[in-house]
Each structure stands twice: as C-alpha cells, then as structure tokens.
There are 2 protein chains.
Amino acid sequence: MQQLDSHQYLGVRDDIAARIAAGEFKPGERLPSERQLQAGGGVARGTVREALFQLEAEGVIYRKDRSGWYVSPPPVVYDPTRWEGFMSYVEAQGRRPETETLSKVEIVCDGMLAQIFSRPVGAPMYWIRRRRLIDGRAVLIESIIVDAARAPGLIEHDLNGSLTSVLKTVYGVGVARNKVDMRPCALTRDEAEALRVKSGLPGLSLVRTCYDAQGHVVEFDREYWRHDALTVSVDIRVR
Amino acid sequence: MQQLDSHQYLGVRDDIAARIAAGEFKPGERLPSERQLQAGGGVARGTVREALFQLEAEGVIYRKDRSGWYVSPPPVVYDPTRWEGFMSYVEAQGRRPETETLSKVEIVCDGMLAQIFSRPVGAPMYWIRRRRLIDGRAVLIESIIVDAARAPGLIEHDLNGSLTSVLKTVYGVGVARNKVDMRPCALTRDEAEALRVKSGLPGLSLVRTCYDAQGHVVEFDREYWRHDALTVSVDIRVR
DNA sequence: GGAGCGGCCTGGTCTATACCAAGTACATGT
DNA sequence: ACATGTACTTGGTATAGACCAGGCCGCTCC
C-alpha cells in the first residue's frame, strides 16, 4: 500500500528477514531481544516490534511469551481427503508429533449436537479436548465430540495417540466421508491460552464432521491451528 | 493468555464488539474515528488501535486507508469441489460480485510453468491478473496462467465475467479435476497494494490447478484473499 | 542432588506527543 | 454540469518514556 523504502519498519523487517534467509538464525532459534535489535538500527522499540509483527503475520517468526522471538519451522501439509491421523502424517513429513489430552468427559447432547449427530437431546456424548504439538511446539487445539453409543467406554482409553485408530480397531468404526470447513480466524481467550500465544494472533479454524459408510456422524471436531503451522492441500474430482 | 479483565485493550475491544453486536453499527457502516473512541473511554489512542487490530484479526471489522474502520460483512462460502466460478457462487449467496481485469498479456513458459503444464519452455501462455470484489469491496486478487495453445486468442475476450464459462463455451475446455492448496499468509507489497490494505494483513493464499478429463493442466491460478472474506467448505469421500 | 528463592531480562501494555500523506467534503471557478 | 482547489479529518508511522508480569537462570540452602 506504500512505496518500498518509505517506511522504517519495513526496512527493519527486511533486515531481519535477510539475516534469517542468510542462515544467521535457523529454524527454532531465538532472535536477539527487541532492545538489542533496536540498538543495532537506531530506531524506537515500537518500530522494531512493528517489524516483528509483520514477520509474525508472514509466518517467518513466532514468539514465546516473555521469552523471545523464534524462527518458525516449515509448515506441515494437511490433506483432509486422506484419512490418516495427525500422528501419522506429521511423522511421515519427518517431524515429531505429540498429543496431550487436556480433558475427556461425558456430556449430554444439546440442541446443536442433536442436529449434527441426528440423536435425541440428552443422549450421552464424549467431549475430548486435546493439544497437539510438532517438534515440541503447540500448533493446534481441538475439541472432539463422539457419540457415546458408538464407542462405549472410549474415554477410558489412552487418547494421546490416534483417535482414528482407536475407533477403528477397538470399535470397528470407520470413516467414509469427511466434511471440512476452514476459515481464517483469530485465536482468542481460551484457544490462545491453550496454545500459549497472544490473544488475537491469526489462526485457522477447521471444523471436521466425519461420517461412516451409512452416513451417520461418527465424530465432530473443531480445530484451531496456529496460522504458520500448516498448509492445506486438497485434490478432488469436480462434481 | 491473560485473565479476562486485566487488559484495557481487551475491555475496549469488548465495548466496541458489544456495540456492533447490539446493532449500533451495521455491516458496511463506519465506526467513529479512533480519536472519538479514545475520548469516550479515557484511554490512549494506541490502546484503542490495539483493540481495533484485535477486532480486525477476528474479522469483525476492516479498514479503509485513511478513511476509517468499517464493520465487516459476513464471509462467502467457497467450495473448491464445486466447479462454479466466483461470479455464480457469490451471486447465489445474495451478494454482488464484480471482476476487474488488471492485466492480460502473453508470456512464454518458464521452467516452473513448464513443469506444471508439461509443456516445453518457451511455449506461449496467457497471464491474466484480476481483482474481484464483493459488494464493492476488494476481496481477492488472482494471477492466472492458461496454455495459449488450448485457448488461442483468449485474452481478446472480455475476462470480467467467468473465465470458466469462456473456456467451456468458446473453447470447449472443461475441468475434471481440481487441486487446491491453501495456506494462511500475509498480504505483502503487491497483493496488499492491489487489495488496498496494509502490508502484513493476514490473508489466505489459494493455489488452484485445474485439469481436464485427459489429465492436462488447463489453468493454474494463485489467489490471495482477505482473511475475513471467505469460508472454505470441502465435502469429500475418504480415499 | 534437588528444591526453593531471588533477581535479571524479556516481551506485553500503556501513555503522550508529533508529524505525515491520503482521503473527504465543500466551496469555488469555469 | 464538471473540474479544481483547499481546509480539515482520518488513519499511519515514529519517538521516548514508564511500569508490569512471567520466563529464565543461577545461587543458596537443605
């Protein structure tokens, strides 16, 4: 929106980006502190921060609260048409996936869920919240609903691995159809806290509805991703 | 990442969000100026701006440079598996689509395009750049490459409508397969300027590769969307 | 060795002020 | 009617300062 050189903060941005590109700072490494970067260029701290925000929006760097700014690792590729779980596709890309179960409880079906699952209000459901990490960095949190009638005792299992394979191997429940809604969003309040990022950071909201071969909803899943952690790739025949 | 009330800017955010939710400001309408909002709450202008950035990241408001802050209209839904063009699906959702052709030129195939199209380096290609608007607001810019051998004279046509239907009706070229890559990104430099937004605003990058029934690449398209303008919805059978 | 305690450093928030460039609205001139 | 100019408003950029809370690390004490 502005000419190339006219803004200091874009100049500072380019400096830092160039130093990263040159390999002075490598993925996962910490940048010098804001006050040090400031001293180097003779600019105000606010200007340095503006440049850092720019790079953050581009996915080049990220921050750990009150610890520093770090160079972002490359994103992972996610293909919603392939029904492999997080654990396997992250590993297939040479990265180290982890899952933490934040909570798992039995709830009763409310109006919205009743509609999604075509089940009566009051039917028992499981509600699972998990946080998932790649190479030790929290990249998404998810909130999963599963019909308790389809997978009785599900939450007694260890859910830190692949939920997909638990449903398949233990309950014989497979997925035949997958509906995915995606939209850019802001990570606010709860999501931001769980991902340990600042409220307001851009993210990607991904809502998945999984159906079995009979067209029944097996699993309803809301995911909130850090915006710099993934690329979505879909390859489909046109209807 | 922080407790609820502890930050002024979140308080200001909530105030403004509440006034929007209450209908005091409607979609498309302008908010009071930053200096007016500041006077109302007894806070510094920087704090008001922080709150506005927050709401912008959430997609609630957007800005027009040096004109003011406006309430965002709802996003449109885009389904990459449905091969309808922008013009028709936007219209189907009760919105007013527009297209502006920024440039259309003949170029020669470079190494990258040669690989994508399976055509020799140096083969003629058309390069079309368009801006698309919804209800008068620029929401995306796109850069399209089409094999000139498949659609000779394409750029002589009016391309402010649906390119899809021109390819189909004039050249008999249909699309059978559609590969879509999506990732959150920052709108920088050129894209930001074309969309008249500030460099660094979050956006969604969408790369489409369209194939005909024989598996040849028909069209290669890079789109940059405002992050608050769309929701992507995919519904697919699992492979 | 391990737990606990400080203190330093970091980013996070906030104030106040200044100036600029581009948009807006309105009066003016043709 | 239409272009033109101008005064004013708006967001955009930048400075300099201040204080806070949480992360981090080393020291001390058990």
# chains A, B, ... in the order shown; residues from 1 in each chain; ligands from 1
$ interface_residues --of "chain A" --to "chain D" --cutoff "12 Å" --atoms "only C-alpha atoms (C1' of nucleotides)" --output "list in words"
Met1, Gln2, Ser6, His7, Gln8, Tyr9, Leu10, Gly42, Val43, Ala44, Arg45, Gly46, Thr47, Val48, Arg49, Glu50, Lys64, Asp65, Arg66, Ser67 and Gly68 of chain A
$ write_last_selection --atoms "C-alpha atoms" --output "compact mmCIF listing (two decimals), in the first residue's frame"
# COMPACT_ATOMS: atom_id res chain seq x y z
CA MET A 1 0.00 0.00 0.00
CA GLN A 2 3.08 2.18 0.31
CA SER A 6 9.38 4.85 2.73
CA HIS A 7 8.74 3.03 5.98
CA GLN A 8 11.37 2.33 8.54
CA TYR A 9 9.57 -0.70 9.92
CA LEU A 10 9.62 -2.36 6.51
CA GLY A 42 18.93 3.34 15.85
CA VAL A 43 15.14 3.07 15.88
CA ALA A 44 12.48 3.08 18.58
CA ARG A 45 11.41 -0.18 20.13
CA GLY A 46 7.88 0.29 18.78
CA THR A 47 9.25 0.31 15.26
CA VAL A 48 11.18 -2.90 15.86
CA ARG A 49 8.03 -4.50 17.22
CA GLU A 50 6.06 -3.38 14.17
CA LYS A 64 7.09 -17.35 23.17
CA ASP A 65 5.59 -15.14 25.77
CA ARG A 66 8.21 -13.16 27.62
CA SER A 67 10.88 -15.46 26.35
CA GLY A 68 11.65 -14.13 22.91
$ closest_atom_pairs --of "chain C" --to "chain A" --cutoff "12 Å" --atoms "only C-alpha atoms (C1' of nucleotides)" --output "CSV"
residue,atom,partner,partner_atom,distance
C:DC9,C1',A:Ser67,CA,8.9
C:DT10,C1',A:Arg66,CA,4.9
C:DG11,C1',A:Arg66,CA,4.3
C:DG12,C1',A:Arg66,CA,7.8
C:DC20,C1',A:Ser6,CA,11.5
C:DA21,C1',A:Gln2,CA,10.3
C:DA22,C1',A:Gln2,CA,11.0
$ interface_residues --of "chain B" --to "chain A" --cutoff "8 Å" --atoms "only C-alpha atoms" --output "VMD selection string"
chain B and resid 1 to 2 4 54 to 55 57 to 59 81 to 83 175 to 187 189 to 190 192 to 194 196 to 204 227 to 228 230 to 239
$ residues_around --residues "Pro124 (chain B)" --least-positions-apart "6" --cutoff "7 Å" --atoms "only C-alpha atoms (C1' of nucleotides)" --output "list in words"
Glu106, Ile107, Val108, Cys109, Asp147 and Ala148 of chain B
$ write_last_selection --atoms "C-alpha atoms" --output "PDB file, in the first residue's frame"
ATOM      1  CA  GLU B 106       1.046 -13.258 -23.477  1.00  0.00           C
ATOM      2  CA  ILE B 107       4.173 -14.655 -21.879  1.00  0.00           C
ATOM      3  CA  VAL B 108       6.461 -17.579 -22.544  1.00  0.00           C
ATOM      4  CA  CYS B 109       6.601 -20.672 -20.417  1.00  0.00           C
ATOM      5  CA  ASP B 147      -1.900 -22.509 -22.010  1.00  0.00           C
ATOM      6  CA  ALA B 148      -2.302 -20.368 -25.135  1.00  0.00           C
TER       7      ALA B 148
END
$ atom_distance --atom1 "CA of Ser72 (chain B)" --atom2 "CA of Gly28 (chain B)"
6.1 Å
$ select_by_dssp --residues "region 5-173 of chain A" --states "helix (DSSP H, G or I)" --output "ChimeraX atom specification"
/A:8-21,34-41,45-57,86-92,111-117,154-156,163-171
$ decode --residues "region 158-183 of chain A" --atoms "N, CA and C atoms" --output "mmCIF file, in the first residue's frame"
data_model
loop_
_atom_site.group_PDB
_atom_site.id
_atom_site.type_symbol
_atom_site.label_atom_id
_atom_site.label_comp_id
_atom_site.auth_asym_id
_atom_site.auth_seq_id
_atom_site.Cartn_x
_atom_site.Cartn_y
_atom_site.Cartn_z
ATOM 1 N N ASP A 158 -6.370 -44.652 26.329
ATOM 2 C CA ASP A 158 -5.353 -43.616 26.178
ATOM 3 C C ASP A 158 -5.631 -42.885 24.871
ATOM 4 N N LEU A 159 -5.887 -41.596 24.956
ATOM 5 C CA LEU A 159 -6.249 -40.836 23.751
ATOM 6 C C LEU A 159 -5.105 -39.931 23.291
ATOM 7 N N ASN A 160 -3.908 -40.233 23.761
ATOM 8 C CA ASN A 160 -2.769 -39.419 23.336
ATOM 9 C C ASN A 160 -2.166 -39.897 22.020
ATOM 10 N N GLY A 161 -2.760 -40.941 21.472
ATOM 11 C CA GLY A 161 -2.287 -41.403 20.170
ATOM 12 C C GLY A 161 -3.300 -41.017 19.115
ATOM 13 N N SER A 162 -3.589 -41.926 18.225
ATOM 14 C CA SER A 162 -4.528 -41.659 17.156
ATOM 15 C C SER A 162 -5.931 -42.086 17.556
ATOM 16 N N LEU A 163 -6.836 -41.118 17.598
ATOM 17 C CA LEU A 163 -8.227 -41.435 17.921
ATOM 18 C C LEU A 163 -8.831 -42.273 16.797
ATOM 19 N N THR A 164 -8.448 -41.941 15.588
ATOM 20 C CA THR A 164 -8.867 -42.695 14.412
ATOM 21 C C THR A 164 -8.681 -44.194 14.599
ATOM 22 N N SER A 165 -7.472 -44.570 14.983
ATOM 23 C CA SER A 165 -7.186 -45.993 15.044
ATOM 24 C C SER A 165 -7.882 -46.652 16.232
ATOM 25 N N VAL A 166 -8.090 -45.903 17.311
ATOM 26 C CA VAL A 166 -8.843 -46.458 18.427
ATOM 27 C C VAL A 166 -10.276 -46.767 17.981
ATOM 28 N N LEU A 167 -10.890 -45.807 17.284
ATOM 29 C CA LEU A 167 -12.264 -46.003 16.815
ATOM 30 C C LEU A 167 -12.341 -47.199 15.862
ATOM 31 N N LYS A 168 -11.364 -47.321 15.028
ATOM 32 C CA LYS A 168 -11.360 -48.380 14.014
ATOM 33 C C LYS A 168 -11.082 -49.741 14.639
ATOM 34 N N THR A 169 -9.972 -49.829 15.381
ATOM 35 C CA THR A 169 -9.555 -51.140 15.874
ATOM 36 C C THR A 169 -10.392 -51.614 17.053
ATOM 37 N N VAL A 170 -10.760 -50.731 17.952
ATOM 38 C CA VAL A 170 -11.489 -51.161 19.148
ATOM 39 C C VAL A 170 -12.992 -51.267 18.872
ATOM 40 N N TYR A 171 -13.519 -50.319 18.100
ATOM 41 C CA TYR A 171 -14.974 -50.274 17.929
ATOM 42 C C TYR A 171 -15.422 -50.627 16.512
ATOM 43 N N GLY A 172 -14.476 -50.823 15.614
ATOM 44 C CA GLY A 172 -14.832 -51.153 14.238
ATOM 45 C C GLY A 172 -15.566 -50.036 13.519
ATOM 46 N N VAL A 173 -15.311 -48.793 13.960
ATOM 47 C CA VAL A 173 -15.980 -47.644 13.344
ATOM 48 C C VAL A 173 -15.027 -46.981 12.354
ATOM 49 N N GLY A 174 -15.409 -47.012 11.088
ATOM 50 C CA GLY A 174 -14.559 -46.416 10.067
ATOM 51 C C GLY A 174 -15.174 -45.142 9.527
ATOM 52 N N VAL A 175 -14.372 -44.356 8.845
ATOM 53 C CA VAL A 175 -14.846 -43.096 8.290
ATOM 54 C C VAL A 175 -14.909 -43.185 6.780
ATOM 55 N N ALA A 176 -16.057 -42.807 6.212
ATOM 56 C CA ALA A 176 -16.228 -42.916 4.763
ATOM 57 C C ALA A 176 -16.339 -41.548 4.108
ATOM 58 N N ARG A 177 -16.773 -40.576 4.874
ATOM 59 C CA ARG A 177 -16.968 -39.249 4.323
ATOM 60 C C ARG A 177 -16.498 -38.225 5.343
ATOM 61 N N ASN A 178 -16.005 -37.140 4.843
ATOM 62 C CA ASN A 178 -15.338 -36.177 5.682
ATOM 63 C C ASN A 178 -15.742 -34.784 5.205
ATOM 64 N N LYS A 179 -16.349 -34.018 6.063
ATOM 65 C CA LYS A 179 -16.728 -32.668 5.666
ATOM 66 C C LYS A 179 -15.842 -31.705 6.444
ATOM 67 N N VAL A 180 -15.208 -30.822 5.728
ATOM 68 C CA VAL A 180 -14.253 -29.926 6.372
ATOM 69 C C VAL A 180 -14.595 -28.476 6.050
ATOM 70 N N ASP A 181 -14.756 -27.672 7.064
ATOM 71 C CA ASP A 181 -14.911 -26.227 6.883
ATOM 72 C C ASP A 181 -13.674 -25.551 7.439
ATOM 73 N N MET A 182 -13.192 -24.593 6.687
ATOM 74 C CA MET A 182 -11.967 -23.921 7.073
ATOM 75 C C MET A 182 -12.194 -22.437 7.016
ATOM 76 N N ARG A 183 -11.700 -21.727 7.982
ATOM 77 C CA ARG A 183 -11.702 -20.283 7.811
ATOM 78 C C ARG A 183 -10.637 -19.635 8.677
#
